[in-house]
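Structure data follow from model18.pdb (PDB, C-alpha atoms, pLDDT in the B column):
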```pdb
ATOM      1  CA  MET U   1     126.232 112.847 100.220  1.00 39.00           C
ATOM      2  CA  THR U   2     127.826 113.273  96.817  1.00 42.00           C
ATOM      3  CA  SER U   3     125.774 111.831  93.972  1.00 44.00           C
ATOM      4  CA  PRO U   4     127.358 109.348  91.495  1.00 44.00           C
ATOM      5  CA  SER U   5     127.089 111.896  88.691  1.00 44.00           C
ATOM      6  CA  SER U   6     128.891 114.467  90.841  1.00 42.00           C
ATOM      7  CA  GLN U   7     131.626 111.959  91.551  1.00 43.00           C
ATOM      8  CA  ILE U   8     132.064 111.321  87.841  1.00 43.00           C
ATOM      9  CA  ASN U   9     132.299 115.036  87.081  1.00 49.00           C
ATOM     10  CA  GLU U  10     134.959 115.382  89.789  1.00 61.00           C
ATOM     11  CA  LEU U  11     137.099 112.517  88.470  1.00 75.00           C
ATOM     12  CA  ARG U  12     140.742 113.032  89.393  1.00 83.00           C
ATOM     13  CA  SER U  13     143.397 113.030  86.697  1.00 86.00           C
ATOM     14  CA  VAL U  14     145.143 110.029  88.293  1.00 88.00           C
ATOM     15  CA  ASP U  15     141.864 108.104  88.293  1.00 90.00           C
ATOM     16  CA  ARG U  16     141.269 108.942  84.642  1.00 89.00           C
ATOM     17  CA  GLU U  17     144.789 107.668  83.937  1.00 91.00           C
ATOM     18  CA  LEU U  18     143.787 104.326  85.450  1.00 93.00           C
ATOM     19  CA  LEU U  19     140.613 104.196  83.364  1.00 92.00           C
ATOM     20  CA  MET U  20     142.621 104.865  80.224  1.00 91.00           C
ATOM     21  CA  ALA U  21     144.952 101.977  81.106  1.00 92.00           C
ATOM     22  CA  MET U  22     141.948  99.641  81.285  1.00 93.00           C
ATOM     23  CA  ARG U  23     140.286 100.676  78.015  1.00 90.00           C
ATOM     24  CA  SER U  24     141.081  97.365  76.273  1.00 87.00           C
ATOM     25  CA  GLY U  25     138.222  95.728  78.163  1.00 84.00           C
ATOM     26  CA  ASP U  26     140.486  93.043  79.668  1.00 90.00           C
ATOM     27  CA  ALA U  27     140.452  92.174  83.369  1.00 92.00           C
ATOM     28  CA  PHE U  28     143.405  93.571  85.318  1.00 94.00           C
ATOM     29  CA  GLY U  29     144.956  92.629  88.621  1.00 93.00           C
ATOM     30  CA  ILE U  30     146.653  95.035  91.002  1.00 94.00           C
ATOM     31  CA  GLY U  31     150.064  93.834  89.803  1.00 93.00           C
ATOM     32  CA  ASP U  32     149.164  94.445  86.150  1.00 94.00           C
ATOM     33  CA  LEU U  33     148.145  98.020  86.850  1.00 94.00           C
ATOM     34  CA  THR U  34     151.117  98.677  89.111  1.00 94.00           C
ATOM     35  CA  GLU U  35     153.499  97.600  86.369  1.00 93.00           C
ATOM     36  CA  GLN U  36     151.662  99.460  83.625  1.00 92.00           C
ATOM     37  CA  LEU U  37     151.371 102.776  85.463  1.00 93.00           C
ATOM     38  CA  GLY U  38     154.634 102.632  87.415  1.00 94.00           C
ATOM     39  CA  VAL U  39     153.106 103.464  90.790  1.00 93.00           C
ATOM     40  CA  THR U  40     152.791 101.573  94.062  1.00 94.00           C
ATOM     41  CA  ALA U  41     150.170  98.938  94.772  1.00 94.00           C
ATOM     42  CA  THR U  42     148.818 101.154  97.552  1.00 94.00           C
ATOM     43  CA  ALA U  43     148.242 104.005  95.095  1.00 94.00           C
ATOM     44  CA  ILE U  44     146.461 101.628  92.681  1.00 94.00           C
ATOM     45  CA  ARG U  45     144.202 100.318  95.456  1.00 94.00           C
ATOM     46  CA  GLN U  46     143.250 103.855  96.463  1.00 94.00           C
ATOM     47  CA  ARG U  47     142.296 104.719  92.901  1.00 94.00           C
ATOM     48  CA  ILE U  48     140.376 101.456  92.507  1.00 94.00           C
ATOM     49  CA  GLU U  49     138.318 102.088  95.642  1.00 94.00           C
ATOM     50  CA  ARG U  50     137.267 105.505  94.337  1.00 93.00           C
ATOM     51  CA  LEU U  51     136.362 104.103  90.922  1.00 94.00           C
ATOM     52  CA  LEU U  52     134.430 101.192  92.426  1.00 94.00           C
ATOM     53  CA  GLU U  53     132.413 103.663  94.497  1.00 93.00           C
ATOM     54  CA  SER U  54     131.681 105.716  91.373  1.00 90.00           C
ATOM     55  CA  GLY U  55     130.524 102.641  89.453  1.00 92.00           C
ATOM     56  CA  LEU U  56     133.200 103.064  86.778  1.00 93.00           C
ATOM     57  CA  ILE U  57     134.896  99.710  87.398  1.00 94.00           C
ATOM     58  CA  GLU U  58     133.745  96.360  88.776  1.00 95.00           C
ATOM     59  CA  ARG U  59     135.534  93.685  90.792  1.00 94.00           C
ATOM     60  CA  GLU U  60     135.649  89.924  90.252  1.00 92.00           C
ATOM     61  CA  LYS U  61     136.914  87.450  92.833  1.00 89.00           C
ATOM     62  CA  ILE U  62     139.255  84.767  91.486  1.00 85.00           C
ATOM     63  CA  VAL U  63     139.599  81.571  93.545  1.00 83.00           C
ATOM     64  CA  ALA U  64     142.388  79.186  92.525  1.00 76.00           C
ATOM     65  CA  GLY U  65     143.191  76.141  94.675  1.00 72.00           C
ATOM     66  CA  ARG U  66     143.742  76.590  98.404  1.00 76.00           C
ATOM     67  CA  GLY U  67     145.450  79.955  98.194  1.00 73.00           C
ATOM     68  CA  ARG U  68     143.937  83.289  99.084  1.00 80.00           C
ATOM     69  CA  PRO U  69     141.470  84.600  96.503  1.00 83.00           C
ATOM     70  CA  THR U  70     142.592  87.448  94.315  1.00 87.00           C
ATOM     71  CA  PHE U  71     140.640  90.145  92.571  1.00 92.00           C
ATOM     72  CA  GLN U  72     140.544  91.377  89.014  1.00 94.00           C
ATOM     73  CA  TYR U  73     139.020  94.589  87.765  1.00 95.00           C
ATOM     74  CA  ARG U  74     137.436  95.729  84.524  1.00 93.00           C
ATOM     75  CA  LEU U  75     135.590  98.777  83.285  1.00 94.00           C
ATOM     76  CA  THR U  76     131.812  98.937  83.554  1.00 93.00           C
ATOM     77  CA  VAL U  77     129.741 100.314  80.676  1.00 91.00           C
ATOM     78  CA  ARG U  78     129.823 103.683  82.429  1.00 89.00           C
ATOM     79  CA  GLY U  79     133.583 103.391  82.818  1.00 91.00           C
ATOM     80  CA  HIS U  80     134.056 102.712  79.103  1.00 89.00           C
ATOM     81  CA  ARG U  81     132.035 105.826  78.301  1.00 84.00           C
ATOM     82  CA  ARG U  82     134.078 107.909  80.710  1.00 85.00           C
ATOM     83  CA  ALA U  83     137.384 106.602  79.353  1.00 85.00           C
ATOM     84  CA  GLY U  84     136.448 107.225  75.735  1.00 80.00           C
ATOM     85  CA  ALA U  85     137.361 110.174  73.572  1.00 78.00           C
ATOM     86  CA  ASN U  86     135.677 113.521  74.182  1.00 77.00           C
ATOM     87  CA  PRO U  87     132.519 113.473  71.990  1.00 81.00           C
ATOM     88  CA  ALA U  88     132.232 117.270  71.791  1.00 83.00           C
ATOM     89  CA  GLU U  89     133.568 117.600  68.225  1.00 88.00           C
ATOM     90  CA  LEU U  90     131.370 114.726  67.024  1.00 90.00           C
ATOM     91  CA  ALA U  91     128.309 116.249  68.726  1.00 90.00           C
ATOM     92  CA  GLU U  92     128.973 119.644  67.152  1.00 90.00           C
ATOM     93  CA  ALA U  93     129.393 118.125  63.682  1.00 93.00           C
ATOM     94  CA  MET U  94     126.161 116.136  64.055  1.00 94.00           C
ATOM     95  CA  TRP U  95     124.322 119.228  65.285  1.00 93.00           C
ATOM     96  CA  GLN U  96     125.434 121.276  62.291  1.00 92.00           C
ATOM     97  CA  GLU U  97     124.327 118.509  59.939  1.00 94.00           C
ATOM     98  CA  ILE U  98     120.883 118.452  61.587  1.00 93.00           C
ATOM     99  CA  LEU U  99     120.524 122.215  61.126  1.00 92.00           C
ATOM    100  CA  ALA U 100     121.575 121.849  57.481  1.00 93.00           C
ATOM    101  CA  ILE U 101     118.696 119.461  56.645  1.00 95.00           C
ATOM    102  CA  PRO U 102     116.732 121.401  53.996  1.00 95.00           C
ATOM    103  CA  ASP U 103     113.279 120.017  54.811  1.00 96.00           C
ATOM    104  CA  PRO U 104     112.030 121.959  57.889  1.00 92.00           C
ATOM    105  CA  LYS U 105     109.547 119.238  58.836  1.00 95.00           C
ATOM    106  CA  ILE U 106     112.178 116.502  58.856  1.00 96.00           C
ATOM    107  CA  ARG U 107     114.590 118.793  60.699  1.00 94.00           C
ATOM    108  CA  GLN U 108     112.022 119.570  63.393  1.00 94.00           C
ATOM    109  CA  GLN U 109     111.042 115.917  63.775  1.00 96.00           C
ATOM    110  CA  LEU U 110     114.667 114.964  64.342  1.00 96.00           C
ATOM    111  CA  LEU U 111     115.228 117.759  66.866  1.00 95.00           C
ATOM    112  CA  SER U 112     112.072 116.767  68.733  1.00 96.00           C
ATOM    113  CA  SER U 113     113.195 113.141  68.833  1.00 97.00           C
ATOM    114  CA  VAL U 114     116.541 114.161  70.315  1.00 96.00           C
ATOM    115  CA  ALA U 115     114.859 116.425  72.865  1.00 96.00           C
ATOM    116  CA  ASN U 116     112.385 113.761  73.928  1.00 97.00           C
ATOM    117  CA  ARG U 117     115.082 111.119  74.277  1.00 96.00           C
ATOM    118  CA  LEU U 118     117.142 113.416  76.511  1.00 95.00           C
ATOM    119  CA  GLY U 119     114.060 114.377  78.497  1.00 96.00           C
ATOM    120  CA  ARG U 120     113.100 110.747  79.100  1.00 96.00           C
ATOM    121  CA  GLN U 121     116.556 110.047  80.504  1.00 94.00           C
ATOM    122  CA  PHE U 122     115.975 112.741  83.124  1.00 95.00           C
ATOM    123  CA  ALA U 123     112.344 111.711  83.665  1.00 96.00           C
ATOM    124  CA  THR U 124     113.372 108.239  84.867  1.00 95.00           C
ATOM    125  CA  GLN U 125     115.024 109.924  87.874  1.00 93.00           C
ATOM    126  CA  VAL U 126     112.185 112.347  88.608  1.00 94.00           C
ATOM    127  CA  ASP U 127     109.234 111.183  90.717  1.00 94.00           C
ATOM    128  CA  GLN U 128     106.295 112.265  88.581  1.00 90.00           C
ATOM    129  CA  ASP U 129     103.932 111.870  91.567  1.00 93.00           C
ATOM    130  CA  GLN U 130     105.638 114.732  93.375  1.00 93.00           C
ATOM    131  CA  SER U 131     104.599 118.371  93.031  1.00 93.00           C
ATOM    132  CA  PHE U 132     105.697 120.311  89.981  1.00 93.00           C
ATOM    133  CA  GLU U 133     108.094 122.371  92.096  1.00 93.00           C
ATOM    134  CA  SER U 134     109.683 119.238  93.610  1.00 95.00           C
ATOM    135  CA  ARG U 135     110.161 117.800  90.128  1.00 95.00           C
ATOM    136  CA  MET U 136     111.751 121.022  88.941  1.00 95.00           C
ATOM    137  CA  ILE U 137     114.113 121.105  91.943  1.00 95.00           C
ATOM    138  CA  LYS U 138     115.190 117.527  91.201  1.00 95.00           C
ATOM    139  CA  LEU U 139     115.779 118.363  87.535  1.00 96.00           C
ATOM    140  CA  SER U 140     117.768 121.458  88.556  1.00 95.00           C
ATOM    141  CA  GLU U 141     120.014 119.281  90.731  1.00 94.00           C
ATOM    142  CA  MET U 142     120.612 116.815  87.907  1.00 93.00           C
ATOM    143  CA  LEU U 143     121.422 119.567  85.420  1.00 93.00           C
ATOM    144  CA  THR U 144     123.852 121.157  87.879  1.00 90.00           C
ATOM    145  CA  ASP U 145     125.562 117.773  88.288  1.00 85.00           C
ATOM    146  CA  ARG U 146     126.111 117.906  84.526  1.00 84.00           C
ATOM    147  CA  GLN U 147     127.719 121.358  84.737  1.00 84.00           C
ATOM    148  CA  ILE U 148     124.560 123.146  83.597  1.00 89.00           C
ATOM    149  CA  THR U 149     124.124 125.685  86.379  1.00 87.00           C
ATOM    150  CA  THR U 150     120.464 126.356  87.163  1.00 93.00           C
ATOM    151  CA  GLU U 151     118.402 128.183  89.764  1.00 93.00           C
ATOM    152  CA  ILE U 152     114.753 128.091  90.778  1.00 94.00           C
ATOM    153  CA  SER U 153     112.804 131.354  90.929  1.00 92.00           C
ATOM    154  CA  HIS U 154     109.055 131.986  91.037  1.00 88.00           C
ATOM    155  CA  ALA U 155     106.501 133.654  88.784  1.00 78.00           C
ATOM    156  CA  GLY U 156     103.396 133.920  90.922  1.00 78.00           C
ATOM    157  CA  ASP U 157     102.651 130.537  92.482  1.00 81.00           C
ATOM    158  CA  LEU U 158     104.693 128.517  90.001  1.00 85.00           C
ATOM    159  CA  PRO U 159     108.444 127.831  90.009  1.00 92.00           C
ATOM    160  CA  VAL U 160     110.584 128.878  87.053  1.00 95.00           C
ATOM    161  CA  LEU U 161     113.795 127.184  85.949  1.00 95.00           C
ATOM    162  CA  ASP U 162     116.558 129.746  85.309  1.00 95.00           C
ATOM    163  CA  ILE U 163     119.632 128.936  83.195  1.00 94.00           C
ATOM    164  CA  CYS U 164     121.914 131.987  83.294  1.00 87.00           C
ATOM    165  CA  ALA U 165     124.838 130.629  81.250  1.00 86.00           C
ATOM    166  CA  CYS U 166     124.318 128.877  77.931  1.00 85.00           C
ATOM    167  CA  PRO U 167     125.270 125.208  78.444  1.00 84.00           C
ATOM    168  CA  TYR U 168     126.242 124.709  74.789  1.00 84.00           C
ATOM    169  CA  PRO U 169     127.569 128.065  73.533  1.00 82.00           C
ATOM    170  CA  SER U 170     129.212 126.580  70.436  1.00 80.00           C
ATOM    171  CA  LEU U 171     125.865 125.066  69.371  1.00 82.00           C
ATOM    172  CA  THR U 172     123.659 128.071  70.055  1.00 79.00           C
ATOM    173  CA  ASP U 173     121.738 129.153  66.981  1.00 70.00           C
ATOM    174  CA  THR U 174     121.312 132.930  66.895  1.00 65.00           C
ATOM    175  CA  SER U 175     118.976 132.868  63.900  1.00 69.00           C
ATOM    176  CA  ASP U 176     115.229 133.298  64.242  1.00 71.00           C
ATOM    177  CA  GLU U 177     114.843 129.509  64.357  1.00 75.00           C
ATOM    178  CA  ARG U 178     116.846 129.093  67.613  1.00 87.00           C
ATOM    179  CA  ALA U 179     116.929 125.334  67.384  1.00 91.00           C
ATOM    180  CA  MET U 180     118.806 124.772  70.652  1.00 91.00           C
ATOM    181  CA  CYS U 181     116.313 126.906  72.564  1.00 92.00           C
ATOM    182  CA  ARG U 182     113.445 124.828  71.186  1.00 91.00           C
ATOM    183  CA  LEU U 183     115.289 121.603  71.966  1.00 94.00           C
ATOM    184  CA  GLU U 184     115.848 122.642  75.585  1.00 94.00           C
ATOM    185  CA  GLU U 185     112.202 123.633  75.893  1.00 95.00           C
ATOM    186  CA  GLU U 186     110.998 120.217  74.695  1.00 96.00           C
ATOM    187  CA  MET U 187     113.610 118.339  76.732  1.00 96.00           C
ATOM    188  CA  ILE U 188     112.623 120.081  79.983  1.00 96.00           C
ATOM    189  CA  SER U 189     108.914 119.538  79.247  1.00 96.00           C
ATOM    190  CA  GLU U 190     109.514 115.822  78.758  1.00 97.00           C
ATOM    191  CA  ALA U 191     111.647 115.573  81.907  1.00 96.00           C
ATOM    192  CA  LEU U 192     109.040 117.329  84.073  1.00 96.00           C
ATOM    193  CA  GLY U 193     106.006 115.632  82.566  1.00 95.00           C
ATOM    194  CA  ARG U 194     104.423 119.037  81.993  1.00 94.00           C
ATOM    195  CA  PRO U 195     104.735 121.576  79.155  1.00 95.00           C
ATOM    196  CA  VAL U 196     107.069 124.521  79.718  1.00 95.00           C
ATOM    197  CA  HIS U 197     107.893 127.449  77.480  1.00 94.00           C
ATOM    198  CA  LEU U 198     110.909 129.710  77.182  1.00 94.00           C
ATOM    199  CA  SER U 199     109.526 132.867  78.780  1.00 92.00           C
ATOM    200  CA  SER U 200     112.838 134.818  78.743  1.00 92.00           C
ATOM    201  CA  CYS U 201     115.973 134.286  76.669  1.00 92.00           C
ATOM    202  CA  ARG U 202     119.530 135.585  76.945  1.00 89.00           C
ATOM    203  CA  LEU U 203     119.607 135.936  73.153  1.00 88.00           C
ATOM    204  CA  ASP U 204     116.968 138.644  73.552  1.00 89.00           C
ATOM    205  CA  GLY U 205     119.082 140.493  76.096  1.00 89.00           C
ATOM    206  CA  ASP U 206     117.427 138.990  79.181  1.00 91.00           C
ATOM    207  CA  HIS U 207     119.541 138.135  82.215  1.00 89.00           C
ATOM    208  CA  CYS U 208     118.635 134.423  82.151  1.00 90.00           C
ATOM    209  CA  CYS U 209     116.872 131.883  80.021  1.00 93.00           C
ATOM    210  CA  GLN U 210     113.718 131.091  81.990  1.00 94.00           C
ATOM    211  CA  PHE U 211     111.480 128.067  81.500  1.00 96.00           C
ATOM    212  CA  ALA U 212     107.988 128.397  82.980  1.00 93.00           C
ATOM    213  CA  ALA U 213     104.986 126.060  83.047  1.00 91.00           C
ATOM    214  CA  THR U 214     102.287 126.635  80.459  1.00 85.00           C
ATOM    215  CA  GLY U 215      98.888 125.264  79.534  1.00 62.00           C
ATOM    216  CA  GLU U 216      98.368 123.381  82.779  1.00 54.00           C
ATOM    217  CA  PRO U 217      96.399 123.817  86.015  1.00 47.00           C
ATOM    218  CA  SER U 218      97.823 125.898  88.837  1.00 40.00           C
ATOM    219  CA  GLU U 219     100.295 124.357  91.270  1.00 42.00           C
ATOM    220  CA  SER U 220      97.660 124.024  93.959  1.00 37.00           C
ATOM    221  CA  ALA U 221      95.723 121.691  91.678  1.00 38.00           C
ATOM    222  CA  ASN U 222      98.744 119.597  90.730  1.00 45.00           C
TER     223      ASN U 222
END
```
Go through the file and emit its structure as structure tokens.
Amino acid sequence: MTSPSSQINELRSVDRELLMAMRSGDAFGIGDLTEQLGVTATAIRQRIERLLESGLIEREKIVAGRGRPTFQYRLTVRGHRRAGANPAELAEAMWQEILAIPDPKIRQQLLSSVANRLGRQFATQVDQDQSFESRMIKLSEMLTDRQITTEISHAGDLPVLDICACPYPSLTDTSDERAMCRLEEEMISEALGRPVHLSSCRLDGDHCCQFAATGEPSESAN
């Protein structure tokens, strides 16, 4: 079964066109959307069904008098986010401003806060009562859904999370500080509920960036 996040990543161009038409936040009927987009009612209904399934729009039944009820549609919070402008340029500008903060303590505190916030978002979908390997597999699946391709390998008895292509190449810091590497390390630790460290890094010429457990009991004790 395709996960909701996978469905969002695979959004068709015609479905995105419908989302863009609904960005005002108003409720729209089938007729409104048919007229606005210049396509048939059947085509609109097909797009709506896909977007309802993905959780990007919601439906409201309208009952007026003795006639048949009609339906109106509006974007959900998730739909508004998906229909908005691409935040990549904003994210890059904010990242560069963080790195430019002159006080290293303040800079590190801010980076840690960002990492922990991201990690907690993943942690809510990871069953912390499961084994460390099961948690890592779940995190790997979620990252892959977000176009961050990962694999699970093993170092002894413990699993290792491999990321073989930098997910944010334009934000990668090649200086000795390597802020993005540290952010990913803290984010993954928070998501898994267990400290990990960056044991191998592509910036050092290694094949993959590898995140391995550290400072904790062996898997058999977890």
Any idea what the distance is between CA of Ser140 in chain U and CA of Ile163 in chain U?
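Result for CA of Ser140 in chain U versus CA of Ile163 in chain U: 9.4 Å, one decimal.
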Closest-contact table, range 81-158 of chain U side, partner range 182-193 of chain U, 8 Å, counting all atoms listed in the file, as a tab-separated table:
```
residue	atom	partner	partner_atom	distance
U:Leu111	CA	U:Leu183	CA	6.4
U:Ser112	CA	U:Leu183	CA	6.6
U:Val114	CA	U:Leu183	CA	7.7
U:Ala115	CA	U:Met187	CA	4.5
U:Asn116	CA	U:Met187	CA	5.5
U:Arg117	CA	U:Met187	CA	7.8
U:Leu118	CA	U:Met187	CA	6.1
U:Gly119	CA	U:Ala191	CA	4.3
U:Arg120	CA	U:Ala191	CA	5.8
U:Gln121	CA	U:Ala191	CA	7.5
U:Phe122	CA	U:Ala191	CA	5.3
U:Ala123	CA	U:Ala191	CA	4.3
U:Val126	CA	U:Leu192	CA	7.4
U:Gln128	CA	U:Gly193	CA	6.9
U:Phe132	CA	U:Leu192	CA	7.4
U:Arg135	CA	U:Leu192	CA	6.2
U:Met136	CA	U:Leu192	CA	6.7
U:Leu139	CA	U:Ala191	CA	7.5
```
Ile30 in chain U surroundings by all atoms listed in the file, 12 Å radius, close-in-sequence under 5 positions cut, as a PyMOL selection string
chain U and resi 18+22+35-49+59+70-74
List the neighbours of range 97-107 of chain U out to 12 Å using all atoms listed in the file; skip same-chain residues closer than 3 positions along the sequence, and give me the result as a list in words.
Leu90, Ala91, Glu92, Ala93, Met94, Leu110, Leu111, Ser112, Ser113, Val114, Leu171, Thr172, Asp173, Ser175, Glu177, Arg178, Ala179, Met180 and Leu183 of chain U
Could you state the separation of CA of Asp206 in chain U and CA of Cys164 in chain U in Å, given to one decimal place?
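Value for the CA of Asp206 in chain U-CA of Cys164 in chain U distance: 9.3 Å.
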Residues around (121.3, 125.4, 81.2), cut-off 8 Å, counting all atoms listed in the file - what are they as a PyMOL selection string?
chain U and resi 143+148-150+162-167+209
Quick one: distance from CA of Gln210 in chain U to CA of Ala155 in chain U in Å, one decimal?
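That distance, rounded to one decimal, is 10.2 Å.
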Of the candidates U:Thr214, U:Leu33, U:Arg50, U:Val160, which one gets nearest to Ser200 in chain U if we count all atoms listed in the file?
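Checking each of U:Thr214, U:Leu33, U:Arg50, U:Val160 against Ser200 in chain U, counting all atoms listed in the file, the winner is U:Val160.
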Would you please take range 76-93 of chain U of the structure in the block above and write N, CA, C and O atoms to a file as a PDB file, in the first residue's frame?
```pdb
ATOM      1  N   THR U  76      -7.074  21.236   2.625  1.00  0.00           N
ATOM      2  CA  THR U  76      -6.710  21.005   4.018  1.00  0.00           C
ATOM      3  C   THR U  76      -5.430  21.795   4.315  1.00  0.00           C
ATOM      4  O   THR U  76      -4.838  22.415   3.419  1.00  0.00           O
ATOM      5  N   VAL U  77      -4.997  21.755   5.563  1.00  0.00           N
ATOM      6  CA  VAL U  77      -3.731  22.415   5.919  1.00  0.00           C
ATOM      7  C   VAL U  77      -2.595  21.827   5.086  1.00  0.00           C
ATOM      8  O   VAL U  77      -1.745  22.548   4.555  1.00  0.00           O
ATOM      9  N   ARG U  78      -2.597  20.507   4.948  1.00  0.00           N
ATOM     10  CA  ARG U  78      -1.573  19.844   4.140  1.00  0.00           C
ATOM     11  C   ARG U  78      -1.663  20.287   2.685  1.00  0.00           C
ATOM     12  O   ARG U  78      -0.649  20.485   2.011  1.00  0.00           O
ATOM     13  N   GLY U  79      -2.881  20.451   2.198  1.00  0.00           N
ATOM     14  CA  GLY U  79      -3.070  20.885   0.816  1.00  0.00           C
ATOM     15  C   GLY U  79      -2.540  22.291   0.581  1.00  0.00           C
ATOM     16  O   GLY U  79      -1.935  22.580  -0.447  1.00  0.00           O
ATOM     17  N   HIS U  80      -2.778  23.182   1.555  1.00  0.00           N
ATOM     18  CA  HIS U  80      -2.253  24.550   1.436  1.00  0.00           C
ATOM     19  C   HIS U  80      -0.731  24.532   1.378  1.00  0.00           C
ATOM     20  O   HIS U  80      -0.116  25.280   0.606  1.00  0.00           O
ATOM     21  N   ARG U  81      -0.114  23.686   2.185  1.00  0.00           N
ATOM     22  CA  ARG U  81       1.350  23.599   2.169  1.00  0.00           C
ATOM     23  C   ARG U  81       1.854  23.095   0.820  1.00  0.00           C
ATOM     24  O   ARG U  81       2.852  23.580   0.291  1.00  0.00           O
ATOM     25  N   ARG U  82       1.134  22.113   0.281  1.00  0.00           N
ATOM     26  CA  ARG U  82       1.561  21.522  -0.987  1.00  0.00           C
ATOM     27  C   ARG U  82       1.363  22.491  -2.142  1.00  0.00           C
ATOM     28  O   ARG U  82       2.139  22.488  -3.104  1.00  0.00           O
ATOM     29  N   ALA U  83       0.340  23.339  -2.049  1.00  0.00           N
ATOM     30  CA  ALA U  83       0.043  24.269  -3.138  1.00  0.00           C
ATOM     31  C   ALA U  83       0.871  25.546  -3.053  1.00  0.00           C
ATOM     32  O   ALA U  83       0.872  26.349  -3.991  1.00  0.00           O
ATOM     33  N   GLY U  84       1.581  25.730  -1.955  1.00  0.00           N
ATOM     34  CA  GLY U  84       2.349  26.958  -1.798  1.00  0.00           C
ATOM     35  C   GLY U  84       3.600  26.986  -2.655  1.00  0.00           C
ATOM     36  O   GLY U  84       3.929  26.031  -3.366  1.00  0.00           O
ATOM     37  N   ALA U  85       4.293  28.108  -2.574  1.00  0.00           N
ATOM     38  CA  ALA U  85       5.528  28.275  -3.337  1.00  0.00           C
ATOM     39  C   ALA U  85       6.605  27.330  -2.820  1.00  0.00           C
ATOM     40  O   ALA U  85       6.596  26.913  -1.657  1.00  0.00           O
ATOM     41  N   ASN U  86       7.530  26.979  -3.676  1.00  0.00           N
ATOM     42  CA  ASN U  86       8.650  26.116  -3.292  1.00  0.00           C
ATOM     43  C   ASN U  86       9.513  26.852  -2.258  1.00  0.00           C
ATOM     44  O   ASN U  86      10.034  27.930  -2.536  1.00  0.00           O
ATOM     45  N   PRO U  87       9.688  26.272  -1.052  1.00  0.00           N
ATOM     46  CA  PRO U  87      10.427  26.984   0.004  1.00  0.00           C
ATOM     47  C   PRO U  87      11.936  26.818  -0.084  1.00  0.00           C
ATOM     48  O   PRO U  87      12.658  27.245   0.827  1.00  0.00           O
ATOM     49  N   ALA U  88      12.442  26.201  -1.147  1.00  0.00           N
ATOM     50  CA  ALA U  88      13.870  25.884  -1.209  1.00  0.00           C
ATOM     51  C   ALA U  88      14.744  27.134  -1.094  1.00  0.00           C
ATOM     52  O   ALA U  88      15.734  27.146  -0.357  1.00  0.00           O
ATOM     53  N   GLU U  89      14.425  28.192  -1.830  1.00  0.00           N
ATOM     54  CA  GLU U  89      15.247  29.401  -1.793  1.00  0.00           C
ATOM     55  C   GLU U  89      15.205  30.043  -0.406  1.00  0.00           C
ATOM     56  O   GLU U  89      16.233  30.516   0.107  1.00  0.00           O
ATOM     57  N   LEU U  90      14.018  30.050   0.215  1.00  0.00           N
ATOM     58  CA  LEU U  90      13.898  30.600   1.565  1.00  0.00           C
ATOM     59  C   LEU U  90      14.726  29.777   2.551  1.00  0.00           C
ATOM     60  O   LEU U  90      15.452  30.335   3.386  1.00  0.00           O
ATOM     61  N   ALA U  91      14.641  28.443   2.436  1.00  0.00           N
ATOM     62  CA  ALA U  91      15.389  27.565   3.340  1.00  0.00           C
ATOM     63  C   ALA U  91      16.885  27.788   3.184  1.00  0.00           C
ATOM     64  O   ALA U  91      17.633  27.830   4.176  1.00  0.00           O
ATOM     65  N   GLU U  92      17.351  27.933   1.953  1.00  0.00           N
ATOM     66  CA  GLU U  92      18.781  28.134   1.722  1.00  0.00           C
ATOM     67  C   GLU U  92      19.245  29.470   2.307  1.00  0.00           C
ATOM     68  O   GLU U  92      20.312  29.548   2.931  1.00  0.00           O
ATOM     69  N   ALA U  93      18.421  30.523   2.123  1.00  0.00           N
ATOM     70  CA  ALA U  93      18.786  31.825   2.673  1.00  0.00           C
ATOM     71  C   ALA U  93      18.841  31.777   4.201  1.00  0.00           C
ATOM     72  O   ALA U  93      19.765  32.320   4.828  1.00  0.00           O
TER      73      ALA U  93
END
```
